[in-house]
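Here is the structure we will look at, set down as structure tokens.
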Amino acid sequence: MLNIIMSGNTDIGRVRQINEDSFRLIPERTTVVVCDGMGGHAAGEVASRRAAETVVAYLLHDPARIQTTLPVLDTSALPAEAKGLAQAVRLANRSVFVAAQSQQNMRGMGTTLVAARFWNGCVGICHVGDSRAYRFAGGKLEALTTDHSLLAELKAQGEISADQEKNFPERNVITRALGTRPSVAVDVKIQAARKNDWFLLCSDGLCGYIDDPDIERALIDLYPDHERAVNRLIEMANAAGGQDNCTVAIAVVADDAGNTAVEEMLETIPESTPEEAPMELAFLTELGLGAALAPKRGSDSDTDKIRIVQSPPVPGPAADSVDEKTIPPVQDKRRKGGFWPWSNG
């Protein structure tokens, strides 16, 4: 097993009234999870918290105590550790969806998710939505994920220029998220994890407001102090206006597995089928996540101003659109530290 040192923090920012981000550091499985909830009145923070806790519960569960067998993922190439993380993410989607359907005030809630799991000189990255994973090595920052967003798709198709990107009016429109549908496809990336590599996971409260070259310079300035780097990046997001909640986690590879050969892969785990739904629901029940989590707030809530759209987008409002409203500035800044594996404060 790799020696991985993990740190993370989350901040409400300077505008939002609720922190809808969640993160978990899971040292027992050398795993980091970052979620960015959405839904406004539909309890985005419930979605992010439930998704993160479902991943933790799955990765730490005792197989001897679970009678339900989950469907086998439709891929044979991925290592078992990556399959396990992808299975946890698909289960988190079902968990959030069930919770959203159980109470009217949670209908439509969802969350993005990015997670990294380390083993034997490898890292497996799973992601859904526009929260991101980066690798920082040799003074260079490299993006490991591609946003599931309208903007990213337009850029990939060459339909938007760099100048247009800066002022794109729907840069927060995402095309995939956990919990908005009964099942979800999960992108999985496998690559080498070498000694002294940093793996940065963040919500779009950072990467949506701070450009990658500025993130890179901050990491260069603060290397090798990863804890200061986490907090500096959050401070940079707030200095840029703090328009969104911001979560940053860094996993440092303190020791590697020698010269282990790593086959880099990029795969998409397909959605689970309707026939597999009963198995996922039964598994969640055995994990103690069968009942919905009640929201911890009233109806006066934030909105991430994010809409889930099908790709390509169709004219008119999206089926899973989230109502937008103007959020008055909040003067006090409340920071929540990360206490793994179950609570982030």
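By order in the structure tokens, chains are A, B, ...; within a chain, residues start at 1; ligands start at 1, following the order shown.
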
> Quick one: DSSP strand (DSSP E or B) residues in segment 20-233 of chain A, as number ranges by chain?
Replying inline: A: 21-26, 31-38, 110-119, 122-128, 132-137, 140-143, 149, 174, 178, 186-192, 198-202

At most 12 Å is the cut-off: for each residue in segment 94-185 of chain A with any atom that close to an atom of segment 252-271 of chain A, write down the nearest atom pair and the distance in Å rounded to one decimal, counting only C-alpha atoms, chain first then increasing number, as a Markdown table.
| residue | atom | partner | partner_atom | distance |
| --- | --- | --- | --- | --- |
| A:Arg94 | CA | A:Glu271 | CA | 10.6 |
| A:Ala116 | CA | A:Val252 | CA | 11.5 |
| A:Arg117 | CA | A:Val253 | CA | 11.5 |
| A:Phe118 | CA | A:Val253 | CA | 8.9 |
| A:Trp119 | CA | A:Ala257 | CA | 8.6 |
| A:Asn120 | CA | A:Ala257 | CA | 5.5 |
| A:Gly121 | CA | A:Ala257 | CA | 5.0 |
| A:Cys122 | CA | A:Val262 | CA | 6.7 |
| A:Val123 | CA | A:Val262 | CA | 9.6 |
| A:Gly124 | CA | A:Met265 | CA | 9.3 |
| A:Ile125 | CA | A:Leu266 | CA | 9.4 |
| A:Cys126 | CA | A:Thr268 | CA | 9.3 |
| A:His127 | CA | A:Thr268 | CA | 9.8 |
| A:Val128 | CA | A:Thr268 | CA | 10.4 |
| A:Tyr134 | CA | A:Val252 | CA | 11.9 |
| A:Arg135 | CA | A:Val252 | CA | 10.0 |
| A:Phe136 | CA | A:Val252 | CA | 9.6 |
| A:Ala137 | CA | A:Val252 | CA | 10.3 |
| A:Leu144 | CA | A:Leu266 | CA | 10.1 |
| A:Thr145 | CA | A:Leu266 | CA | 9.9 |
| A:Thr146 | CA | A:Leu266 | CA | 11.2 |
| A:Arg176 | CA | A:Glu271 | CA | 11.6 |
| A:Leu178 | CA | A:Glu271 | CA | 11.3 |
| A:Arg181 | CA | A:Glu271 | CA | 9.9 |
| A:Pro182 | CA | A:Glu271 | CA | 8.8 |
| A:Ser183 | CA | A:Glu271 | CA | 5.3 |
| A:Val184 | CA | A:Glu271 | CA | 4.7 |
| A:Ala185 | CA | A:Pro270 | CA | 4.6 |

>> Which residues are near Asp214 of chain A? Cut-off 12 Å, only C-alpha atoms, ignore same chain within fewer than 5 positions. Put them as a PyMOL selection string.
In response: chain A and resi 140-141+206-207+209+219-221+232-233+236-237+240

Generate the output file for the selected residues, C-alpha atoms, as a PDB file, in the first residue's frame.
ATOM      1  CA  LYS A 140       3.636  21.293 -13.265  1.00  0.00           C
ATOM      2  CA  LEU A 141      -0.132  21.051 -12.783  1.00  0.00           C
ATOM      3  CA  LEU A 206     -11.844  26.873  -6.781  1.00  0.00           C
ATOM      4  CA  CYS A 207     -11.335  25.927 -10.430  1.00  0.00           C
ATOM      5  CA  TYR A 209     -12.749  31.194 -10.300  1.00  0.00           C
ATOM      6  CA  LEU A 219       1.464  25.110  -5.301  1.00  0.00           C
ATOM      7  CA  ILE A 220       5.013  25.891  -6.435  1.00  0.00           C
ATOM      8  CA  ASP A 221       5.302  28.667  -3.843  1.00  0.00           C
ATOM      9  CA  ARG A 232      -4.022  29.251   0.437  1.00  0.00           C
ATOM     10  CA  LEU A 233      -6.107  28.046  -2.510  1.00  0.00           C
ATOM     11  CA  MET A 236      -7.429  32.798  -3.266  1.00  0.00           C
ATOM     12  CA  ALA A 237     -10.989  31.770  -4.167  1.00  0.00           C
ATOM     13  CA  ALA A 240     -11.513  36.474  -6.097  1.00  0.00           C
TER      14      ALA A 240
END

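For the atom pair formed by atom CA of Ile250 of chain A and atom CA of Asn238 of chain A, the distance is 18.5 Å, given to one decimal.
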
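You can rank A:Ile4, A:Ala277, A:Leu151, A:Cys35 by their closest distance to Ala52 of chain A using only C-alpha atoms, and at the top of that list sits A:Cys35.
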
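Among the candidates A:Gln17, A:Thr54, A:Thr30, A:Thr69, the residue lying nearest to Pro278 of chain A is A:Thr69 (atoms considered: only C-alpha atoms).
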
Would you pick out the contacts of Val55 of chain A at 8 Å or less, using only C-alpha atoms, so that residues sharing its chain but fewer than 2 positions from it are not included, and give the list as an mmCIF file with C-alpha atoms, in the first residue's frame?
data_model
loop_
_atom_site.group_PDB
_atom_site.id
_atom_site.type_symbol
_atom_site.label_atom_id
_atom_site.label_comp_id
_atom_site.auth_asym_id
_atom_site.auth_seq_id
_atom_site.Cartn_x
_atom_site.Cartn_y
_atom_site.Cartn_z
ATOM 1 C CA ALA A 51 -23.011 10.877 -1.420
ATOM 2 C CA ALA A 52 -19.766 11.227 0.518
ATOM 3 C CA GLU A 53 -20.992 9.108 3.414
ATOM 4 C CA ALA A 57 -19.775 3.275 4.106
ATOM 5 C CA TYR A 58 -19.232 1.129 1.020
ATOM 6 C CA LEU A 59 -15.438 1.245 1.143
ATOM 7 C CA LEU A 85 -14.509 2.964 -6.030
ATOM 8 C CA ALA A 88 -19.256 3.080 -4.457
ATOM 9 C CA VAL A 89 -19.979 6.076 -6.696
ATOM 10 C CA LEU A 91 -24.254 3.326 -5.125
ATOM 11 C CA ALA A 92 -23.937 6.936 -3.940
#

>> Please list as number ranges by chain every residue within 9 Å of Val32 of chain A, counting only C-alpha atoms and excluding residues in the same chain fewer than 5 positions away.
In response: A: 6, 23-27, 114-117, 201, 249-251

Using N, CA and C atoms, can you export the residues from the last selection as a PDB file, in the first residue's frame?
ATOM      1  N   MET A   6      -2.903  12.947   3.573  1.00  0.00           N
ATOM      2  CA  MET A   6      -4.050  13.671   3.036  1.00  0.00           C
ATOM      3  C   MET A   6      -4.417  14.859   3.917  1.00  0.00           C
ATOM      4  N   PHE A  23     -16.540  16.878   1.968  1.00  0.00           N
ATOM      5  CA  PHE A  23     -15.395  16.066   1.596  1.00  0.00           C
ATOM      6  C   PHE A  23     -15.102  15.058   2.690  1.00  0.00           C
ATOM      7  N   ARG A  24     -14.446  13.970   2.309  1.00  0.00           N
ATOM      8  CA  ARG A  24     -14.057  12.940   3.260  1.00  0.00           C
ATOM      9  C   ARG A  24     -12.647  12.467   2.925  1.00  0.00           C
ATOM     10  N   LEU A  25     -11.839  12.292   3.953  1.00  0.00           N
ATOM     11  CA  LEU A  25     -10.539  11.665   3.847  1.00  0.00           C
ATOM     12  C   LEU A  25     -10.670  10.294   4.495  1.00  0.00           C
ATOM     13  N   ILE A  26     -10.347   9.234   3.747  1.00  0.00           N
ATOM     14  CA  ILE A  26     -10.567   7.869   4.218  1.00  0.00           C
ATOM     15  C   ILE A  26      -9.217   7.161   4.239  1.00  0.00           C
ATOM     16  N   PRO A  27      -8.423   7.346   5.289  1.00  0.00           N
ATOM     17  CA  PRO A  27      -7.072   6.784   5.307  1.00  0.00           C
ATOM     18  C   PRO A  27      -7.056   5.263   5.244  1.00  0.00           C
ATOM     19  N   VAL A 114     -15.936  13.875  -7.103  1.00  0.00           N
ATOM     20  CA  VAL A 114     -14.652  13.423  -7.607  1.00  0.00           C
ATOM     21  C   VAL A 114     -13.955  12.698  -6.463  1.00  0.00           C
ATOM     22  N   ALA A 115     -13.370  11.545  -6.765  1.00  0.00           N
ATOM     23  CA  ALA A 115     -12.733  10.735  -5.728  1.00  0.00           C
ATOM     24  C   ALA A 115     -11.454  10.131  -6.284  1.00  0.00           C
ATOM     25  N   ALA A 116     -10.461   9.980  -5.402  1.00  0.00           N
ATOM     26  CA  ALA A 116      -9.193   9.366  -5.773  1.00  0.00           C
ATOM     27  C   ALA A 116      -8.868   8.261  -4.777  1.00  0.00           C
ATOM     28  N   ARG A 117      -8.493   7.096  -5.303  1.00  0.00           N
ATOM     29  CA  ARG A 117      -8.102   5.962  -4.463  1.00  0.00           C
ATOM     30  C   ARG A 117      -6.720   5.482  -4.909  1.00  0.00           C
ATOM     31  N   LEU A 201      -7.838  17.547  -5.408  1.00  0.00           N
ATOM     32  CA  LEU A 201      -9.259  17.420  -5.722  1.00  0.00           C
ATOM     33  C   LEU A 201      -9.956  18.678  -5.236  1.00  0.00           C
ATOM     34  N   ALA A 249      -8.837  19.419  -1.410  1.00  0.00           N
ATOM     35  CA  ALA A 249      -8.164  18.328  -0.713  1.00  0.00           C
ATOM     36  C   ALA A 249      -6.925  17.951  -1.504  1.00  0.00           C
ATOM     37  N   ILE A 250      -5.850  17.657  -0.801  1.00  0.00           N
ATOM     38  CA  ILE A 250      -4.598  17.250  -1.447  1.00  0.00           C
ATOM     39  C   ILE A 250      -4.136  15.936  -0.838  1.00  0.00           C
ATOM     40  N   ALA A 251      -3.807  14.986  -1.710  1.00  0.00           N
ATOM     41  CA  ALA A 251      -3.215  13.716  -1.297  1.00  0.00           C
ATOM     42  C   ALA A 251      -1.781  13.678  -1.798  1.00  0.00           C
TER      43      ALA A 251
END

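The shortest atom-to-atom distance to Asn245 of chain A, with only C-alpha atoms taken into account, belongs to A:Gly205 out of A:Pro79, A:Gly288, A:Gly139, A:Gly205.
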
>> Please determine, counting only C-alpha atoms, which residue among A:Asn231, A:Thr285, A:Asn3, A:Thr180 has the shortest atom-to-atom distance to Asn93 of chain A.
In response: A:Thr180

> DSSP on the backbone: what in segment 101-158 of chain A comes out helix (DSSP H, G or I), as a ChimeraX atom specification?
Replying inline: /A:101-102,104-106,150-156

Dump of N, CA and C atoms for the selected residues, as an mmCIF file, in the first residue's frame:
data_model
loop_
_atom_site.group_PDB
_atom_site.id
_atom_site.type_symbol
_atom_site.label_atom_id
_atom_site.label_comp_id
_atom_site.auth_asym_id
_atom_site.auth_seq_id
_atom_site.Cartn_x
_atom_site.Cartn_y
_atom_site.Cartn_z
ATOM 1 N N GLN A 101 -36.252 11.451 -3.786
ATOM 2 C CA GLN A 101 -37.622 11.086 -4.102
ATOM 3 C C GLN A 101 -38.494 10.919 -2.861
ATOM 4 N N SER A 102 -37.873 10.808 -1.695
ATOM 5 C CA SER A 102 -38.629 10.480 -0.490
ATOM 6 C C SER A 102 -39.304 11.682 0.158
ATOM 7 N N GLN A 104 -40.606 15.869 -0.509
ATOM 8 C CA GLN A 104 -40.880 16.885 -1.523
ATOM 9 C C GLN A 104 -39.830 17.980 -1.533
ATOM 10 N N ASN A 105 -39.366 18.393 -0.354
ATOM 11 C CA ASN A 105 -38.415 19.504 -0.302
ATOM 12 C C ASN A 105 -36.996 19.105 -0.695
ATOM 13 N N MET A 106 -36.792 17.825 -1.062
ATOM 14 C CA MET A 106 -35.487 17.400 -1.546
ATOM 15 C C MET A 106 -35.525 16.978 -3.012
ATOM 16 N N LEU A 150 -21.684 21.768 -20.048
ATOM 17 C CA LEU A 150 -22.008 22.292 -21.369
ATOM 18 C C LEU A 150 -20.802 23.021 -21.951
ATOM 19 N N LEU A 151 -20.108 23.792 -21.126
ATOM 20 C CA LEU A 151 -18.946 24.535 -21.593
ATOM 21 C C LEU A 151 -17.858 23.593 -22.089
ATOM 22 N N ALA A 152 -17.578 22.530 -21.333
ATOM 23 C CA ALA A 152 -16.533 21.585 -21.733
ATOM 24 C C ALA A 152 -16.880 20.897 -23.045
ATOM 25 N N GLU A 153 -18.144 20.583 -23.227
ATOM 26 C CA GLU A 153 -18.554 19.928 -24.466
ATOM 27 C C GLU A 153 -18.432 20.875 -25.658
ATOM 28 N N LEU A 154 -18.805 22.118 -25.465
ATOM 29 C CA LEU A 154 -18.666 23.099 -26.548
ATOM 30 C C LEU A 154 -17.195 23.320 -26.903
ATOM 31 N N LYS A 155 -16.331 23.349 -25.882
ATOM 32 C CA LYS A 155 -14.900 23.494 -26.143
ATOM 33 C C LYS A 155 -14.364 22.294 -26.903
ATOM 34 N N ALA A 156 -14.775 21.079 -26.514
ATOM 35 C CA ALA A 156 -14.307 19.861 -27.175
ATOM 36 C C ALA A 156 -14.738 19.819 -28.635
#

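When atom CA of Ile234 of chain A is paired with atom CA of Asp147 of chain A, their separation reads 20.2 Å.
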